[in-house]
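Chemist: What follows is a single structure, and I will ask about it in a moment.
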Amino acid sequence: MTRWLRSFGAFWYDFVIGDDWRGAAVVAVALALTAVLVHAASVNAWWLLPIAVIGALGWSLRRATSGKP
Amino acid sequence: MSSLALFLTVFIACAVEAVEALTIVLAAGLTREWRSTFQGMAAALAVLAVTVAVLGPALTLVPLTALRLVVGALLAVFGLQWLRKAILRASGYQGLHDEEAIYARQVAAARTATSEGRRGVRDWYAFTLSFKGVLLEGMEVVFIALTFGANQQNQGLAAVAAAAAVVVVAAVGIAVRAPLSRVPENTLKFAVGVMLTSFGMFWGAEGAGVSWPGNDAALLAIVPGTALVALGYTALMRRARASARAAVPAAGRSAA
């Protein structure tokens, strides 16, 4: 049962998160920050998530190719 | 988002996944035997149908704001995965997705596997190969169709687009009886990555409470903007790779 649960979890992790968990972490943090800015500071922070996603993509690509010719 | 955009996004994304599933089904069917392959395919389709039957109505019960936040986040993460892979392939850092090569690998593995009947299935290898292939690729189809359909509150149209893609790919596959290597899969994956990431950002931010400038019209800037950024990264990485490769022989020559 534990083995089944582990492989079930591994499947969904690989399915949604994939090779680089940092992208998912950046999206989650950016969404949380957006919600805080909108609801606590009344800032319509529509620009935050696109900037975070573009940055996360560049970061992820850089990590994937560093040291590769 | 217009119905046409919803239809096209789901159709293209699902067609790409269906092409990949078809390669595996053909490898199993043509190399092993068709009956077990079809049994595996039918079992996978049944699991997918149950998933849709359970998740589809459940998603309509979730409040739209919460749905957009969660689904937007998932789509953005999922889209980033597709886009990252597509850029790595387009810039030459990763091999292009080649259906013929994948087909050849699957056929070679299928030819050497032992034939064994189990649980009423004549060829267990063909069954499991077909089942896994259709289930894994189909899960992506279900995910994309459900999330897009639920967010647009038009699951019917998303389901029609997904079904149409599967039917078209299956019909072409039956006609040519070979992997659809001429489908520009890498380009389509790039486009789908752009769409998933764009809609993920749009819905995710909306779910977090943002009002996009221009409301839905913001997508007319987000989608091309994401595409331009992705193309820019691809060009930068191509250039970096070319310079790195040019520098290696030069360094070798000077050392010699």
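As shown in the structure tokens, the chain order sets the letters A, B, ...; within each chain, residues go from 1, and ligands are also counted from 1 in the order they appear.
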What residues in chain A lie within 8 Å of chain B, counting only C-alpha atoms, written as a PDB file with N, CA and C atoms, in the first residue's frame?

Modeler:
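The result, stored in result.pdb:
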ATOM      1  N   VAL A  16       2.616  17.077 -12.939  1.00  0.00           N
ATOM      2  CA  VAL A  16       2.355  18.517 -12.794  1.00  0.00           C
ATOM      3  C   VAL A  16       3.653  19.315 -12.667  1.00  0.00           C
ATOM      4  N   ILE A  17       4.543  18.887 -11.807  1.00  0.00           N
ATOM      5  CA  ILE A  17       5.756  19.679 -11.520  1.00  0.00           C
ATOM      6  C   ILE A  17       6.846  19.433 -12.569  1.00  0.00           C
ATOM      7  N   GLY A  18       7.080  18.162 -12.907  1.00  0.00           N
ATOM      8  CA  GLY A  18       8.064  17.830 -13.935  1.00  0.00           C
ATOM      9  C   GLY A  18       9.496  17.905 -13.446  1.00  0.00           C
ATOM     10  N   ASP A  19      10.385  18.319 -14.354  1.00  0.00           N
ATOM     11  CA  ASP A  19      11.825  18.253 -14.092  1.00  0.00           C
ATOM     12  C   ASP A  19      12.325  19.319 -13.117  1.00  0.00           C
ATOM     13  N   ASP A  20      11.640  20.436 -13.024  1.00  0.00           N
ATOM     14  CA  ASP A  20      12.166  21.533 -12.214  1.00  0.00           C
ATOM     15  C   ASP A  20      11.080  22.079 -11.275  1.00  0.00           C
ATOM     16  N   GLY A  23      10.148  26.162 -10.747  1.00  0.00           N
ATOM     17  CA  GLY A  23       9.129  26.893 -11.504  1.00  0.00           C
ATOM     18  C   GLY A  23       7.801  26.896 -10.750  1.00  0.00           C
ATOM     19  N   ALA A  24       7.439  25.721 -10.215  1.00  0.00           N
ATOM     20  CA  ALA A  24       6.183  25.604  -9.458  1.00  0.00           C
ATOM     21  C   ALA A  24       6.250  26.462  -8.199  1.00  0.00           C
ATOM     22  N   VAL A  27       5.789  30.147  -9.097  1.00  0.00           N
ATOM     23  CA  VAL A  27       4.383  30.442  -9.416  1.00  0.00           C
ATOM     24  C   VAL A  27       3.560  30.530  -8.125  1.00  0.00           C
ATOM     25  N   ALA A  28       3.773  29.583  -7.208  1.00  0.00           N
ATOM     26  CA  ALA A  28       3.006  29.574  -5.953  1.00  0.00           C
ATOM     27  C   ALA A  28       3.294  30.832  -5.130  1.00  0.00           C
ATOM     28  N   LEU A  31       1.781  33.955  -6.807  1.00  0.00           N
ATOM     29  CA  LEU A  31       0.321  34.035  -6.628  1.00  0.00           C
ATOM     30  C   LEU A  31      -0.037  34.469  -5.206  1.00  0.00           C
ATOM     31  N   ALA A  32       0.708  33.935  -4.226  1.00  0.00           N
ATOM     32  CA  ALA A  32       0.452  34.322  -2.831  1.00  0.00           C
ATOM     33  C   ALA A  32       0.724  35.816  -2.642  1.00  0.00           C
ATOM     34  N   THR A  34       0.684  38.124  -4.949  1.00  0.00           N
ATOM     35  CA  THR A  34      -0.348  38.874  -5.680  1.00  0.00           C
ATOM     36  C   THR A  34      -1.600  39.014  -4.812  1.00  0.00           C
ATOM     37  N   ALA A  35      -2.015  37.902  -4.215  1.00  0.00           N
ATOM     38  CA  ALA A  35      -3.220  37.922  -3.369  1.00  0.00           C
ATOM     39  C   ALA A  35      -3.034  38.878  -2.190  1.00  0.00           C
ATOM     40  N   VAL A  38      -3.175  42.488  -3.502  1.00  0.00           N
ATOM     41  CA  VAL A  38      -4.532  42.888  -3.902  1.00  0.00           C
ATOM     42  C   VAL A  38      -5.429  43.092  -2.673  1.00  0.00           C
ATOM     43  N   HIS A  39      -5.413  42.111  -1.778  1.00  0.00           N
ATOM     44  CA  HIS A  39      -6.384  42.147  -0.675  1.00  0.00           C
ATOM     45  C   HIS A  39      -5.916  42.951   0.535  1.00  0.00           C
ATOM     46  N   ASN A  44      -3.443  46.565  -7.464  1.00  0.00           N
ATOM     47  CA  ASN A  44      -3.880  45.651  -8.518  1.00  0.00           C
ATOM     48  C   ASN A  44      -2.643  45.095  -9.237  1.00  0.00           C
ATOM     49  N   ALA A  45      -2.022  44.088  -8.592  1.00  0.00           N
ATOM     50  CA  ALA A  45      -0.701  43.614  -9.041  1.00  0.00           C
ATOM     51  C   ALA A  45      -0.814  42.602 -10.173  1.00  0.00           C
ATOM     52  N   TRP A  46      -1.436  43.002 -11.289  1.00  0.00           N
ATOM     53  CA  TRP A  46      -1.582  42.079 -12.428  1.00  0.00           C
ATOM     54  C   TRP A  46      -0.249  41.761 -13.087  1.00  0.00           C
ATOM     55  N   LEU A  49       2.647  38.244 -11.633  1.00  0.00           N
ATOM     56  CA  LEU A  49       2.745  36.845 -12.073  1.00  0.00           C
ATOM     57  C   LEU A  49       3.472  36.712 -13.422  1.00  0.00           C
ATOM     58  N   PRO A  50       3.140  37.560 -14.438  1.00  0.00           N
ATOM     59  CA  PRO A  50       3.898  37.439 -15.693  1.00  0.00           C
ATOM     60  C   PRO A  50       5.406  37.641 -15.504  1.00  0.00           C
ATOM     61  N   VAL A  53       6.781  34.514 -13.876  1.00  0.00           N
ATOM     62  CA  VAL A  53       6.807  33.358 -14.782  1.00  0.00           C
ATOM     63  C   VAL A  53       7.938  33.495 -15.809  1.00  0.00           C
ATOM     64  N   ILE A  54       8.092  34.707 -16.351  1.00  0.00           N
ATOM     65  CA  ILE A  54       9.174  34.936 -17.329  1.00  0.00           C
ATOM     66  C   ILE A  54      10.532  34.707 -16.655  1.00  0.00           C
ATOM     67  N   LEU A  57      11.071  30.950 -15.990  1.00  0.00           N
ATOM     68  CA  LEU A  57      11.397  30.218 -17.216  1.00  0.00           C
ATOM     69  C   LEU A  57      12.872  30.417 -17.575  1.00  0.00           C
ATOM     70  N   GLY A  58      13.322  31.674 -17.511  1.00  0.00           N
ATOM     71  CA  GLY A  58      14.727  31.963 -17.818  1.00  0.00           C
ATOM     72  C   GLY A  58      15.664  31.254 -16.852  1.00  0.00           C
ATOM     73  N   SER A  60      15.070  28.543 -15.081  1.00  0.00           N
ATOM     74  CA  SER A  60      15.008  27.106 -15.306  1.00  0.00           C
ATOM     75  C   SER A  60      15.833  26.710 -16.543  1.00  0.00           C
ATOM     76  N   LEU A  61      15.727  27.524 -17.605  1.00  0.00           N
ATOM     77  CA  LEU A  61      16.483  27.231 -18.832  1.00  0.00           C
ATOM     78  C   LEU A  61      17.978  27.364 -18.576  1.00  0.00           C
ATOM     79  N   THR A  65      20.850  24.323 -18.935  1.00  0.00           N
ATOM     80  CA  THR A  65      21.874  24.358 -19.981  1.00  0.00           C
ATOM     81  C   THR A  65      23.256  24.756 -19.460  1.00  0.00           C
ATOM     82  N   LYS A  68      26.563  22.998 -20.533  1.00  0.00           N
ATOM     83  CA  LYS A  68      26.364  22.145 -21.728  1.00  0.00           C
ATOM     84  C   LYS A  68      26.752  22.916 -22.986  1.00  0.00           C
ATOM     85  N   PRO A  69      27.524  22.328 -23.879  1.00  0.00           N
ATOM     86  CA  PRO A  69      27.876  23.043 -25.110  1.00  0.00           C
ATOM     87  C   PRO A  69      26.716  23.044 -26.096  1.00  0.00           C
TER      88      PRO A  69
END

Chemist: Among stretch 8-203 of chain B, which residues carry a DSSP assignment of alpha helix (DSSP H), reported as a ChimeraX atom specification?

Modeler: /B:8-31,34-61,64-90,99-112,124-151,155-176,185-203

Chemist: With a distance cut-off of 8 Å and only C-alpha atoms, select the neighbouring residues of B:Gly56, excluding the residue or stretch itself and same-chain residues fewer than 4 positions from it, and output the selection as a list in words.

Modeler: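 What passes the distance filter is Thr51, Val52, Thr60, Leu146, Ala150 and Gln155 of chain B.
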
Chemist: Export, as a PDB file, in the first residue's frame, the selected residues with N, CA and C atoms.

Modeler:
ATOM      1  N   THR B  51     -12.620   9.120 -14.842  1.00  0.00           N
ATOM      2  CA  THR B  51     -11.978  10.343 -14.315  1.00  0.00           C
ATOM      3  C   THR B  51     -12.778  11.578 -14.729  1.00  0.00           C
ATOM      4  N   VAL B  52     -13.154  11.621 -16.013  1.00  0.00           N
ATOM      5  CA  VAL B  52     -13.924  12.772 -16.514  1.00  0.00           C
ATOM      6  C   VAL B  52     -15.300  12.823 -15.835  1.00  0.00           C
ATOM      7  N   THR B  60     -17.550  21.794 -11.516  1.00  0.00           N
ATOM      8  CA  THR B  60     -18.594  22.826 -11.667  1.00  0.00           C
ATOM      9  C   THR B  60     -19.122  23.289 -10.307  1.00  0.00           C
ATOM     10  N   LEU B 146     -10.499  19.495 -19.161  1.00  0.00           N
ATOM     11  CA  LEU B 146     -11.292  19.806 -17.965  1.00  0.00           C
ATOM     12  C   LEU B 146     -10.995  21.203 -17.434  1.00  0.00           C
ATOM     13  N   ALA B 150     -13.721  24.012 -17.599  1.00  0.00           N
ATOM     14  CA  ALA B 150     -14.305  24.468 -16.334  1.00  0.00           C
ATOM     15  C   ALA B 150     -14.130  25.978 -16.175  1.00  0.00           C
ATOM     16  N   GLN B 155     -17.638  23.161 -20.572  1.00  0.00           N
ATOM     17  CA  GLN B 155     -16.974  21.850 -20.628  1.00  0.00           C
ATOM     18  C   GLN B 155     -17.399  21.059 -21.854  1.00  0.00           C
TER      19      GLN B 155
END
